[in-house]
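Structure below is entry.pdb: PDB, C-alpha atoms.
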ATOM      1  CA  MET A 901     163.630-139.779  99.657  1.00  0.00           C
ATOM      2  CA  ILE A 902     167.120-138.512  98.977  1.00  0.00           C
ATOM      3  CA  PHE A 903     168.605-138.147  95.508  1.00  0.00           C
ATOM      4  CA  PHE A 904     172.282-139.162  95.537  1.00  0.00           C
ATOM      5  CA  PRO A 905     174.218-137.992  92.438  1.00  0.00           C
ATOM      6  CA  ALA A 906     177.211-140.252  91.833  1.00  0.00           C
ATOM      7  CA  ILE A 907     180.791-139.187  91.263  1.00  0.00           C
ATOM      8  CA  ASP A 908     182.865-142.218  90.280  1.00  0.00           C
ATOM      9  CA  LEU A 909     186.609-141.559  90.368  1.00  0.00           C
ATOM     10  CA  LYS A 910     189.159-143.266  88.146  1.00  0.00           C
ATOM     11  CA  ASP A 911     192.657-141.807  87.895  1.00  0.00           C
ATOM     12  CA  GLY A 912     191.361-138.534  89.342  1.00  0.00           C
ATOM     13  CA  GLN A 913     188.647-138.126  86.701  1.00  0.00           C
ATOM     14  CA  CYS A 914     184.852-138.428  86.771  1.00  0.00           C
ATOM     15  CA  VAL A 915     183.875-141.573  84.874  1.00  0.00           C
ATOM     16  CA  ARG A 916     181.061-144.060  84.464  1.00  0.00           C
ATOM     17  CA  LEU A 917     181.430-147.772  83.887  1.00  0.00           C
ATOM     18  CA  LEU A 918     179.152-150.260  82.170  1.00  0.00           C
ATOM     19  CA  ARG A 919     178.177-153.095  84.537  1.00  0.00           C
ATOM     20  CA  GLY A 920     181.287-152.445  86.637  1.00  0.00           C
ATOM     21  CA  ASP A 921     183.830-153.161  83.887  1.00  0.00           C
ATOM     22  CA  MET A 922     186.849-150.816  84.239  1.00  0.00           C
ATOM     23  CA  ASP A 923     187.663-151.280  80.552  1.00  0.00           C
ATOM     24  CA  THR A 924     184.360-149.602  79.652  1.00  0.00           C
ATOM     25  CA  ALA A 925     185.105-146.363  81.520  1.00  0.00           C
ATOM     26  CA  THR A 926     183.719-143.235  79.870  1.00  0.00           C
ATOM     27  CA  VAL A 927     185.316-140.001  81.086  1.00  0.00           C
ATOM     28  CA  PHE A 928     182.793-137.249  81.786  1.00  0.00           C
ATOM     29  CA  GLY A 929     185.110-134.690  83.351  1.00  0.00           C
ATOM     30  CA  ASP A 930     188.521-134.064  84.842  1.00  0.00           C
ATOM     31  CA  ASP A 931     187.412-131.798  87.719  1.00  0.00           C
ATOM     32  CA  PRO A 932     185.503-133.790  90.366  1.00  0.00           C
ATOM     33  CA  ALA A 933     185.329-130.764  92.677  1.00  0.00           C
ATOM     34  CA  ALA A 934     183.586-128.683  90.016  1.00  0.00           C
ATOM     35  CA  GLN A 935     181.144-131.526  89.401  1.00  0.00           C
ATOM     36  CA  ALA A 936     180.387-131.698  93.113  1.00  0.00           C
ATOM     37  CA  GLN A 937     179.718-127.959  93.169  1.00  0.00           C
ATOM     38  CA  ALA A 938     177.319-128.309  90.243  1.00  0.00           C
ATOM     39  CA  PHE A 939     175.346-130.970  92.107  1.00  0.00           C
ATOM     40  CA  ALA A 940     175.271-128.841  95.253  1.00  0.00           C
ATOM     41  CA  ARG A 941     173.992-125.831  93.300  1.00  0.00           C
ATOM     42  CA  ALA A 942     171.259-128.066  91.860  1.00  0.00           C
ATOM     43  CA  GLY A 943     169.943-128.654  95.359  1.00  0.00           C
ATOM     44  CA  CYS A 944     171.267-132.163  95.918  1.00  0.00           C
ATOM     45  CA  GLU A 945     171.432-132.994  99.628  1.00  0.00           C
ATOM     46  CA  TRP A 946     174.116-135.697  99.463  1.00  0.00           C
ATOM     47  CA  LEU A 947     176.934-136.896  97.210  1.00  0.00           C
ATOM     48  CA  HIS A 948     177.739-140.535  96.469  1.00  0.00           C
ATOM     49  CA  VAL A 949     181.453-140.886  95.686  1.00  0.00           C
ATOM     50  CA  VAL A 950     183.312-144.052  94.676  1.00  0.00           C
ATOM     51  CA  ASP A 951     187.060-144.571  94.438  1.00  0.00           C
ATOM     52  CA  LEU A 952     186.970-147.066  91.566  1.00  0.00           C
ATOM     53  CA  ASN A 953     190.720-147.625  91.533  1.00  0.00           C
ATOM     54  CA  GLY A 954     190.540-148.255  95.258  1.00  0.00           C
ATOM     55  CA  ALA A 955     187.770-150.817  94.821  1.00  0.00           C
ATOM     56  CA  PHE A 956     190.070-152.903  92.617  1.00  0.00           C
ATOM     57  CA  THR A 957     193.331-152.397  94.520  1.00  0.00           C
ATOM     58  CA  GLY A 958     191.864-152.677  98.010  1.00  0.00           C
ATOM     59  CA  ARG A 959     193.339-149.377  99.199  1.00  0.00           C
ATOM     60  CA  PRO A 960     192.575-145.653  98.714  1.00  0.00           C
ATOM     61  CA  VAL A 961     193.842-144.293  95.400  1.00  0.00           C
ATOM     62  CA  ASN A 962     191.895-141.117  94.610  1.00  0.00           C
ATOM     63  CA  ALA A 963     192.485-139.358  97.919  1.00  0.00           C
ATOM     64  CA  ASP A 964     193.404-136.039  96.274  1.00  0.00           C
ATOM     65  CA  ALA A 965     190.168-135.961  94.285  1.00  0.00           C
ATOM     66  CA  VAL A 966     188.113-136.841  97.366  1.00  0.00           C
ATOM     67  CA  ALA A 967     189.847-134.082  99.332  1.00  0.00           C
ATOM     68  CA  ALA A 968     189.115-131.600  96.548  1.00  0.00           C
ATOM     69  CA  ILE A 969     185.430-132.557  96.580  1.00  0.00           C
ATOM     70  CA  ARG A 970     185.270-132.219 100.362  1.00  0.00           C
ATOM     71  CA  ALA A 971     186.872-128.766 100.213  1.00  0.00           C
ATOM     72  CA  ALA A 972     184.545-127.614  97.437  1.00  0.00           C
ATOM     73  CA  VAL A 973     181.130-128.389  98.964  1.00  0.00           C
ATOM     74  CA  ASP A 974     179.438-128.420 102.362  1.00  0.00           C
ATOM     75  CA  ILE A 975     176.792-131.063 101.648  1.00  0.00           C
ATOM     76  CA  PRO A 976     177.331-134.525 103.146  1.00  0.00           C
ATOM     77  CA  MET A 977     179.119-137.183 101.131  1.00  0.00           C
ATOM     78  CA  GLN A 978     179.292-140.943 101.356  1.00  0.00           C
ATOM     79  CA  LEU A 979     182.360-142.744 100.015  1.00  0.00           C
ATOM     80  CA  GLY A 980     183.094-146.300  98.985  1.00  0.00           C
ATOM     81  CA  GLY A 981     185.917-148.142  97.250  1.00  0.00           C
ATOM     82  CA  GLY A 982     188.982-149.770  98.771  1.00  0.00           C
ATOM     83  CA  ILE A 983     187.920-149.471 102.417  1.00  0.00           C
ATOM     84  CA  ARG A 984     189.029-152.802 103.877  1.00  0.00           C
ATOM     85  CA  ASP A 985     190.219-152.030 107.422  1.00  0.00           C
ATOM     86  CA  LEU A 986     189.371-149.887 110.420  1.00  0.00           C
ATOM     87  CA  GLU A 987     192.338-147.586 109.858  1.00  0.00           C
ATOM     88  CA  THR A 988     191.015-146.624 106.430  1.00  0.00           C
ATOM     89  CA  VAL A 989     187.506-146.121 107.806  1.00  0.00           C
ATOM     90  CA  GLU A 990     188.818-143.717 110.413  1.00  0.00           C
ATOM     91  CA  MET A 991     191.176-141.988 107.991  1.00  0.00           C
ATOM     92  CA  TRP A 992     188.287-141.057 105.697  1.00  0.00           C
ATOM     93  CA  LEU A 993     186.015-140.004 108.545  1.00  0.00           C
ATOM     94  CA  ASP A 994     188.802-137.836 109.963  1.00  0.00           C
ATOM     95  CA  LYS A 995     189.187-136.212 106.534  1.00  0.00           C
ATOM     96  CA  GLY A 996     185.567-135.104 106.506  1.00  0.00           C
ATOM     97  CA  VAL A 997     183.769-137.942 104.740  1.00  0.00           C
ATOM     98  CA  ASP A 998     180.372-138.185 106.425  1.00  0.00           C
ATOM     99  CA  ARG A 999     179.654-141.846 105.728  1.00  0.00           C
ATOM    100  CA  VAL A1000     181.890-144.696 104.563  1.00  0.00           C
ATOM    101  CA  ILE A1001     180.622-147.636 102.530  1.00  0.00           C
ATOM    102  CA  LEU A1002     181.989-151.130 103.143  1.00  0.00           C
ATOM    103  CA  GLY A1003     181.433-153.560 100.295  1.00  0.00           C
ATOM    104  CA  THR A1004     183.957-156.371  99.971  1.00  0.00           C
ATOM    105  CA  ALA A1005     184.575-156.172 103.728  1.00  0.00           C
ATOM    106  CA  ALA A1006     180.914-156.923 104.409  1.00  0.00           C
ATOM    107  CA  LEU A1007     181.399-160.372 102.914  1.00  0.00           C
ATOM    108  CA  ARG A1008     185.035-161.069 103.764  1.00  0.00           C
ATOM    109  CA  ASN A1009     185.303-159.367 107.163  1.00  0.00           C
ATOM    110  CA  PRO A1010     181.892-158.899 108.818  1.00  0.00           C
ATOM    111  CA  ASP A1011     183.548-158.239 112.188  1.00  0.00           C
ATOM    112  CA  LEU A1012     185.080-155.091 110.689  1.00  0.00           C
ATOM    113  CA  VAL A1013     181.628-153.838 109.705  1.00  0.00           C
ATOM    114  CA  ARG A1014     180.302-154.377 113.205  1.00  0.00           C
ATOM    115  CA  GLN A1015     183.310-152.790 114.851  1.00  0.00           C
ATOM    116  CA  ALA A1016     183.243-149.756 112.560  1.00  0.00           C
ATOM    117  CA  ALA A1017     179.485-149.274 113.017  1.00  0.00           C
ATOM    118  CA  GLU A1018     179.818-149.520 116.787  1.00  0.00           C
ATOM    119  CA  ARG A1019     182.638-146.978 116.905  1.00  0.00           C
ATOM    120  CA  HIS A1020     180.993-144.588 114.448  1.00  0.00           C
ATOM    121  CA  PRO A1021     177.193-144.763 114.799  1.00  0.00           C
ATOM    122  CA  GLY A1022     175.306-143.485 111.762  1.00  0.00           C
ATOM    123  CA  ARG A1023     178.461-143.172 109.668  1.00  0.00           C
ATOM    124  CA  VAL A1024     178.903-146.691 108.236  1.00  0.00           C
ATOM    125  CA  ALA A1025     176.936-148.188 105.351  1.00  0.00           C
ATOM    126  CA  VAL A1026     177.207-151.553 103.620  1.00  0.00           C
ATOM    127  CA  GLY A1027     177.263-151.732  99.840  1.00  0.00           C
ATOM    128  CA  ILE A1028     175.671-154.913  98.514  1.00  0.00           C
ATOM    129  CA  ASP A1029     176.432-155.309  94.830  1.00  0.00           C
ATOM    130  CA  ALA A1030     174.567-158.213  93.289  1.00  0.00           C
ATOM    131  CA  ARG A1031     175.036-160.150  90.088  1.00  0.00           C
ATOM    132  CA  GLY A1032     172.217-162.641  89.556  1.00  0.00           C
ATOM    133  CA  GLY A1033     171.227-162.206  93.191  1.00  0.00           C
ATOM    134  CA  ARG A1034     174.723-163.109  94.439  1.00  0.00           C
ATOM    135  CA  VAL A1035     177.171-160.710  96.068  1.00  0.00           C
ATOM    136  CA  ALA A1036     180.076-159.478  93.929  1.00  0.00           C
ATOM    137  CA  VAL A1037     183.297-158.243  95.536  1.00  0.00           C
ATOM    138  CA  GLU A1038     186.749-156.830  94.707  1.00  0.00           C
ATOM    139  CA  GLY A1039     185.371-154.052  92.527  1.00  0.00           C
ATOM    140  CA  TRP A1040     182.757-156.459  91.134  1.00  0.00           C
ATOM    141  CA  ALA A1041     185.536-158.590  89.638  1.00  0.00           C
ATOM    142  CA  GLU A1042     184.476-161.676  91.614  1.00  0.00           C
ATOM    143  CA  THR A1043     181.010-163.092  92.289  1.00  0.00           C
ATOM    144  CA  SER A1044     180.493-165.089  95.465  1.00  0.00           C
ATOM    145  CA  ASP A1045     178.000-167.834  96.254  1.00  0.00           C
ATOM    146  CA  VAL A1046     176.366-165.723  98.966  1.00  0.00           C
ATOM    147  CA  ALA A1047     172.883-164.318  98.408  1.00  0.00           C
ATOM    148  CA  ALA A1048     172.597-160.548  98.609  1.00  0.00           C
ATOM    149  CA  PHE A1049     169.622-160.717 100.960  1.00  0.00           C
ATOM    150  CA  ASP A1050     171.567-162.956 103.372  1.00  0.00           C
ATOM    151  CA  VAL A1051     174.319-160.356 103.705  1.00  0.00           C
ATOM    152  CA  ALA A1052     171.792-157.604 104.358  1.00  0.00           C
ATOM    153  CA  ARG A1053     170.096-159.616 107.092  1.00  0.00           C
ATOM    154  CA  ARG A1054     173.453-160.476 108.666  1.00  0.00           C
ATOM    155  CA  PHE A1055     173.870-156.869 109.776  1.00  0.00           C
ATOM    156  CA  GLU A1056     170.343-156.128 110.950  1.00  0.00           C
ATOM    157  CA  ASP A1057     171.515-155.554 114.524  1.00  0.00           C
ATOM    158  CA  ALA A1058     174.771-153.767 113.653  1.00  0.00           C
ATOM    159  CA  GLY A1059     173.388-150.235 113.640  1.00  0.00           C
ATOM    160  CA  LEU A1060     174.243-149.455 110.022  1.00  0.00           C
ATOM    161  CA  ALA A1061     173.337-146.082 108.543  1.00  0.00           C
ATOM    162  CA  ALA A1062     172.153-147.733 105.322  1.00  0.00           C
ATOM    163  CA  VAL A1063     172.418-150.633 102.901  1.00  0.00           C
ATOM    164  CA  ILE A1064     173.174-149.603  99.327  1.00  0.00           C
ATOM    165  CA  TYR A1065     171.817-152.202  96.928  1.00  0.00           C
ATOM    166  CA  THR A1066     173.168-152.276  93.380  1.00  0.00           C
ATOM    167  CA  ASP A1067     172.077-154.628  90.609  1.00  0.00           C
ATOM    168  CA  ILE A1068     175.291-154.863  88.583  1.00  0.00           C
ATOM    169  CA  ALA A1069     173.509-156.001  85.429  1.00  0.00           C
ATOM    170  CA  ARG A1070     171.648-152.681  85.390  1.00  0.00           C
ATOM    171  CA  ASP A1071     174.520-150.389  86.402  1.00  0.00           C
ATOM    172  CA  GLY A1072     175.416-147.950  83.650  1.00  0.00           C
ATOM    173  CA  ALA A1073     173.305-149.899  81.155  1.00  0.00           C
ATOM    174  CA  MET A1074     170.410-147.406  81.075  1.00  0.00           C
ATOM    175  CA  GLU A1075     167.930-150.277  81.232  1.00  0.00           C
ATOM    176  CA  GLY A1076     166.046-149.190  84.345  1.00  0.00           C
ATOM    177  CA  PRO A1077     166.527-150.292  87.949  1.00  0.00           C
ATOM    178  CA  ASN A1078     165.612-153.658  89.383  1.00  0.00           C
ATOM    179  CA  VAL A1079     162.604-152.259  91.219  1.00  0.00           C
ATOM    180  CA  ASP A1080     161.223-155.594  92.431  1.00  0.00           C
ATOM    181  CA  ALA A1081     164.459-156.845  94.010  1.00  0.00           C
ATOM    182  CA  THR A1082     165.283-153.482  95.551  1.00  0.00           C
ATOM    183  CA  VAL A1083     161.885-153.001  97.128  1.00  0.00           C
ATOM    184  CA  ALA A1084     161.777-156.627  98.292  1.00  0.00           C
ATOM    185  CA  LEU A1085     165.041-156.034 100.149  1.00  0.00           C
ATOM    186  CA  ALA A1086     163.876-152.721 101.593  1.00  0.00           C
ATOM    187  CA  VAL A1087     160.707-154.166 103.081  1.00  0.00           C
ATOM    188  CA  SER A1088     162.461-157.248 104.460  1.00  0.00           C
ATOM    189  CA  ILE A1089     165.004-155.447 106.684  1.00  0.00           C
ATOM    190  CA  SER A1090     164.866-152.579 109.147  1.00  0.00           C
ATOM    191  CA  THR A1091     168.080-150.926 107.922  1.00  0.00           C
ATOM    192  CA  PRO A1092     167.404-148.048 105.474  1.00  0.00           C
ATOM    193  CA  VAL A1093     167.991-149.094 101.851  1.00  0.00           C
ATOM    194  CA  ILE A1094     169.359-146.917  99.040  1.00  0.00           C
ATOM    195  CA  ALA A1095     168.697-148.063  95.462  1.00  0.00           C
ATOM    196  CA  SER A1096     171.470-148.033  92.849  1.00  0.00           C
ATOM    197  CA  GLY A1097     171.962-149.201  89.283  1.00  0.00           C
ATOM    198  CA  GLY A1098     170.108-148.604  86.048  1.00  0.00           C
ATOM    199  CA  VAL A1099     168.217-145.379  86.763  1.00  0.00           C
ATOM    200  CA  SER A1100     167.891-143.727  83.366  1.00  0.00           C
ATOM    201  CA  SER A1101     164.755-141.562  83.442  1.00  0.00           C
ATOM    202  CA  PHE A1102     162.304-139.690  85.641  1.00  0.00           C
ATOM    203  CA  ALA A1103     159.959-142.623  85.105  1.00  0.00           C
ATOM    204  CA  ASP A1104     162.513-144.857  86.844  1.00  0.00           C
ATOM    205  CA  LEU A1105     162.717-142.471  89.789  1.00  0.00           C
ATOM    206  CA  ARG A1106     158.939-142.349  90.064  1.00  0.00           C
ATOM    207  CA  ALA A1107     158.706-146.143  89.819  1.00  0.00           C
ATOM    208  CA  LEU A1108     161.107-146.591  92.720  1.00  0.00           C
ATOM    209  CA  LYS A1109     159.388-143.927  94.779  1.00  0.00           C
ATOM    210  CA  ASP A1110     155.897-145.293  94.144  1.00  0.00           C
ATOM    211  CA  ALA A1111     156.764-148.972  94.532  1.00  0.00           C
ATOM    212  CA  ALA A1112     158.717-148.453  97.726  1.00  0.00           C
ATOM    213  CA  GLY A1113     155.882-146.623  99.469  1.00  0.00           C
ATOM    214  CA  GLY A1114     158.380-144.896 101.717  1.00  0.00           C
ATOM    215  CA  ALA A1115     160.536-147.978 102.287  1.00  0.00           C
ATOM    216  CA  LEU A1116     163.572-146.590 100.433  1.00  0.00           C
ATOM    217  CA  GLU A1117     165.836-143.922 101.889  1.00  0.00           C
ATOM    218  CA  GLY A1118     167.057-142.765  98.502  1.00  0.00           C
ATOM    219  CA  VAL A1119     168.271-143.423  94.978  1.00  0.00           C
ATOM    220  CA  ILE A1120     171.741-143.153  93.457  1.00  0.00           C
ATOM    221  CA  CYS A1121     172.060-141.973  89.868  1.00  0.00           C
ATOM    222  CA  GLY A1122     175.135-141.606  87.677  1.00  0.00           C
ATOM    223  CA  ARG A1123     175.316-141.957  83.910  1.00  0.00           C
ATOM    224  CA  ALA A1124     171.848-140.524  83.250  1.00  0.00           C
ATOM    225  CA  LEU A1125     172.971-137.275  84.874  1.00  0.00           C
ATOM    226  CA  TYR A1126     176.097-137.008  82.778  1.00  0.00           C
ATOM    227  CA  ASP A1127     174.478-137.724  79.426  1.00  0.00           C
ATOM    228  CA  GLY A1128     171.571-135.358  80.086  1.00  0.00           C
ATOM    229  CA  ARG A1129     168.724-137.838  80.502  1.00  0.00           C
ATOM    230  CA  ILE A1130     168.047-136.647  84.056  1.00  0.00           C
ATOM    231  CA  ASP A1131     168.359-133.129  85.451  1.00  0.00           C
ATOM    232  CA  ALA A1132     169.824-133.177  88.958  1.00  0.00           C
ATOM    233  CA  ALA A1133     167.738-130.287  90.285  1.00  0.00           C
ATOM    234  CA  ALA A1134     164.476-131.779  89.048  1.00  0.00           C
ATOM    235  CA  ALA A1135     165.384-135.248  90.291  1.00  0.00           C
ATOM    236  CA  ALA A1136     166.258-133.979  93.766  1.00  0.00           C
ATOM    237  CA  ALA A1137     162.979-132.042  93.894  1.00  0.00           C
ATOM    238  CA  LEU A1138     160.987-135.059  92.736  1.00  0.00           C
ATOM    239  CA  LEU A1139     162.308-137.337  95.460  1.00  0.00           C
ATOM    240  CA  ARG A1140     161.916-134.619  98.102  1.00  0.00           C
ATOM    241  CA  GLY A1141     158.309-134.268  97.084  1.00  0.00           C
ATOM    242  CA  SER A1142     158.758-130.699  95.884  1.00  0.00           C
ATOM    243  CA  SER A1143     157.299-129.362  92.634  1.00  0.00           C
ATOM    244  CA  VAL A1144     159.318-130.340  89.557  1.00  0.00           C
TER     245      VAL A1144
END
Before we go any further, please render this structure as structure tokens.
Amino acid sequence: MIFFPAIDLKDGQCVRLLRGDMDTATVFGDDPAAQAQAFARAGCEWLHVVDLNGAFTGRPVNADAVAAIRAAVDIPMQLGGGIRDLETVEMWLDKGVDRVILGTAALRNPDLVRQAAERHPGRVAVGIDARGGRVAVEGWAETSDVAAFDVARRFEDAGLAAVIYTDIARDGAMEGPNVDATVALAVSISTPVIASGGVSSFADLRALKDAAGGALEGVICGRALYDGRIDAAAAAALLRGSSV
């Protein structure tokens, strides 16, 4: 399993939100590139980056910060937030982003997901953010009537690199991940699933790893890294199966 440390960008700074609410943003640093370097030195194999402003506006906002991260580290990065058309997908891929994440577009424009995945095999993921089992869009500001599992199954034949499943109620709340729902999704589809939301301890990481039985590709972690509850090097080693 892969440990994905999260860098959430708001106004060029590293922040964390509580349950996706922009008004709850806590700033953890003003140098995203330096944070990316710290994660790389810790042995992390990937970065998970989100343009939070972009998620709400529907267009890229933190391009300078993303470019700084890309220039600072060699490890792969996946990026989501404000990617709503093919031009933006290709812009980010051309700028060195290894994998783009389509969230709102997966619900509102499924043809875009299929087209992007066909043009760029292995470089397109779908982010499914669920509130009460239903998909939330527009930076989590709106909750649809569509079940999260239905969206995941819709793209089974699209050739996605991954599905990133986030339980919004757990995100940033330090209450533990929704292990049951995440694993249920992972075992019900063939697309690799990455868990997100609520990871607050090594016990949470172990629970996901043990319950999944190899069904999960990885785990995303944010706030617990920034407040010191989880050490990035130890977490990456744990999910790799190395000694901690």
Go through the shown structure with the PyMOL selection byres ((chain A and resi 1120) around 9) and write out the matching residues as a PyMOL selection string.
chain A and resi 902-906+947-948+1064+1094-1097+1099+1118-1119+1121-1122
Point out the residue among A:Val989, A:Ala1124, A:Asp1029, A:Gln937 with the least atom-to-atom distance to Thr1082 in chain A, counting all atoms listed in the file.
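Among the listed residues, A:Asp1029 lies closest to Thr1082 in chain A.
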Residue with smallest distance to Asp1131 in chain A - pool A:Leu952, A:Gly1032, A:Ala938, A:Val1046, counting all atoms listed in the file
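Using all atoms listed in the file, the shortest distance to Asp1131 in chain A belongs to A:Ala938.
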The PyMOL selection byres ((chain A and resi 931) around 12) - which residues does that actually catch in the file I just gave you? List them as a PyMOL selection string.
chain A and resi 907-915+927-930+932-938+964-966+968-969+972
Spatial neighbours of Ala1006 in chain A, 9 Å, all atoms listed in the file, chain gap at least 4 places, as a PyMOL selection string
chain A and resi 1002+1010-1013+1026-1028+1051+1055
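Nearest-residue note for Ala940 in chain A: choosing from A:Pro976, A:Gly981, A:Gly958, A:Gly1128, the minimum distance belongs to A:Pro976, counting all atoms listed in the file.
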Give me the result of the PyMOL selection byres ((chain A and resi 954) around 9) on this file, residue by residue, as a list in words.
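Applied to this file, the PyMOL selection byres ((chain A and resi 954) around 9) returns Lys910, Val950, Asp951, Leu952, Asn953, Ala955, Phe956, Thr957, Gly958, Arg959, Pro960, Val961, Asn962, Gly980, Gly981, Gly982, Ile983 and Gly1039 of chain A.
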Could the residues in this selection be saved with C-alpha atoms as a PDB file, keeping the file's coordinate frame?
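The new file selection12.pdb reads:
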ATOM      1  CA  LYS A 910     189.159-143.266  88.146  1.00  0.00           C
ATOM      2  CA  VAL A 950     183.312-144.052  94.676  1.00  0.00           C
ATOM      3  CA  ASP A 951     187.060-144.571  94.438  1.00  0.00           C
ATOM      4  CA  LEU A 952     186.970-147.066  91.566  1.00  0.00           C
ATOM      5  CA  ASN A 953     190.720-147.625  91.533  1.00  0.00           C
ATOM      6  CA  ALA A 955     187.770-150.817  94.821  1.00  0.00           C
ATOM      7  CA  PHE A 956     190.070-152.903  92.617  1.00  0.00           C
ATOM      8  CA  THR A 957     193.331-152.397  94.520  1.00  0.00           C
ATOM      9  CA  GLY A 958     191.864-152.677  98.010  1.00  0.00           C
ATOM     10  CA  ARG A 959     193.339-149.377  99.199  1.00  0.00           C
ATOM     11  CA  PRO A 960     192.575-145.653  98.714  1.00  0.00           C
ATOM     12  CA  VAL A 961     193.842-144.293  95.400  1.00  0.00           C
ATOM     13  CA  ASN A 962     191.895-141.117  94.610  1.00  0.00           C
ATOM     14  CA  GLY A 980     183.094-146.300  98.985  1.00  0.00           C
ATOM     15  CA  GLY A 981     185.917-148.142  97.250  1.00  0.00           C
ATOM     16  CA  GLY A 982     188.982-149.770  98.771  1.00  0.00           C
ATOM     17  CA  ILE A 983     187.920-149.471 102.417  1.00  0.00           C
ATOM     18  CA  GLY A1039     185.371-154.052  92.527  1.00  0.00           C
TER      19      GLY A1039
END
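With all atoms listed in the file as the basis for measurement, A:Ala1135 is the residue among A:Val973, A:Ala1036, A:Ala1061, A:Ala1135 that approaches Phe1102 in chain A most closely.
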CA of Gly1003 in chain A to CA of Glu945 in chain A: how many Å, to one decimal?
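Value for the CA of Gly1003 in chain A-CA of Glu945 in chain A distance: 22.9 Å.
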Considering all atoms listed in the file, can you say which of A:Val1093, A:Met991, A:Val1035, A:Leu1085 comes closest to Ala1048 in chain A?
A:Val1035
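Nearest-residue note for Ala1016 in chain A: choosing from A:Val997, A:Arg1053, A:Ala1058, A:Arg941, the minimum distance belongs to A:Ala1058, counting only C-alpha atoms.
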Could you please determine the separation between CA of Ala1084 in chain A and CA of Val949 in chain A in Å, to one decimal place?
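Distance between the two atoms: 25.3 Å.
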Between CA of Asp974 in chain A and CA of Gly943 in chain A, what distance in Å does the model show, to one decimal?
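Interatomic distance here is 11.8 Å.
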Pick out the residues sitting within 12 Å of Asp994 in chain A, and hand them over as a list in words; count all atoms listed in the file, and ignore anything fewer than 4 positions along from it in its own chain.
Ala967, Arg970, Glu987, Thr988, Val989, Glu990, Asp998, Arg999, Val1000, His1020 and Arg1023 of chain A
May I ask you to restore N, CA and C atoms in range 1022-1036 of chain A and write the result as a PDB file, in the frame of the given file?
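File result.pdb, as written:
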ATOM      1  N   GLY A1022     175.897-144.319 112.797  1.00  0.00           N
ATOM      2  CA  GLY A1022     175.306-143.485 111.762  1.00  0.00           C
ATOM      3  C   GLY A1022     176.251-143.077 110.656  1.00  0.00           C
ATOM      4  N   ARG A1023     177.474-143.604 110.662  1.00  0.00           N
ATOM      5  CA  ARG A1023     178.461-143.172 109.668  1.00  0.00           C
ATOM      6  C   ARG A1023     179.017-144.329 108.848  1.00  0.00           C
ATOM      7  N   VAL A1024     178.428-145.510 108.979  1.00  0.00           N
ATOM      8  CA  VAL A1024     178.903-146.691 108.236  1.00  0.00           C
ATOM      9  C   VAL A1024     177.731-147.319 107.485  1.00  0.00           C
ATOM     10  N   ALA A1025     177.922-147.512 106.195  1.00  0.00           N
ATOM     11  CA  ALA A1025     176.936-148.188 105.351  1.00  0.00           C
ATOM     12  C   ALA A1025     177.569-149.429 104.736  1.00  0.00           C
ATOM     13  N   VAL A1026     176.738-150.362 104.334  1.00  0.00           N
ATOM     14  CA  VAL A1026     177.207-151.553 103.620  1.00  0.00           C
ATOM     15  C   VAL A1026     176.710-151.474 102.181  1.00  0.00           C
ATOM     16  N   GLY A1027     177.618-151.667 101.248  1.00  0.00           N
ATOM     17  CA  GLY A1027     177.263-151.732  99.840  1.00  0.00           C
ATOM     18  C   GLY A1027     177.118-153.172  99.413  1.00  0.00           C
ATOM     19  N   ILE A1028     175.923-153.547  98.991  1.00  0.00           N
ATOM     20  CA  ILE A1028     175.671-154.913  98.514  1.00  0.00           C
ATOM     21  C   ILE A1028     175.466-154.846  97.007  1.00  0.00           C
ATOM     22  N   ASP A1029     176.443-155.347  96.286  1.00  0.00           N
ATOM     23  CA  ASP A1029     176.432-155.309  94.830  1.00  0.00           C
ATOM     24  C   ASP A1029     176.147-156.724  94.336  1.00  0.00           C
ATOM     25  N   ALA A1030     175.031-156.873  93.633  1.00  0.00           N
ATOM     26  CA  ALA A1030     174.567-158.213  93.289  1.00  0.00           C
ATOM     27  C   ALA A1030     174.618-158.481  91.792  1.00  0.00           C
ATOM     28  N   ARG A1031     175.069-159.659  91.472  1.00  0.00           N
ATOM     29  CA  ARG A1031     175.036-160.150  90.088  1.00  0.00           C
ATOM     30  C   ARG A1031     174.256-161.456  90.110  1.00  0.00           C
ATOM     31  N   GLY A1032     173.060-161.458  89.500  1.00  0.00           N
ATOM     32  CA  GLY A1032     172.217-162.641  89.556  1.00  0.00           C
ATOM     33  C   GLY A1032     171.793-162.993  90.965  1.00  0.00           C
ATOM     34  N   GLY A1033     171.657-161.972  91.821  1.00  0.00           N
ATOM     35  CA  GLY A1033     171.227-162.206  93.191  1.00  0.00           C
ATOM     36  C   GLY A1033     172.341-162.577  94.140  1.00  0.00           C
ATOM     37  N   ARG A1034     173.579-162.739  93.616  1.00  0.00           N
ATOM     38  CA  ARG A1034     174.723-163.109  94.439  1.00  0.00           C
ATOM     39  C   ARG A1034     175.668-161.931  94.607  1.00  0.00           C
ATOM     40  N   VAL A1035     176.327-161.855  95.747  1.00  0.00           N
ATOM     41  CA  VAL A1035     177.171-160.710  96.068  1.00  0.00           C
ATOM     42  C   VAL A1035     178.471-160.751  95.274  1.00  0.00           C
ATOM     43  N   ALA A1036     178.804-159.626  94.640  1.00  0.00           N
ATOM     44  CA  ALA A1036     180.076-159.478  93.929  1.00  0.00           C
ATOM     45  C   ALA A1036     181.015-158.627  94.773  1.00  0.00           C
TER      46      ALA A1036
END
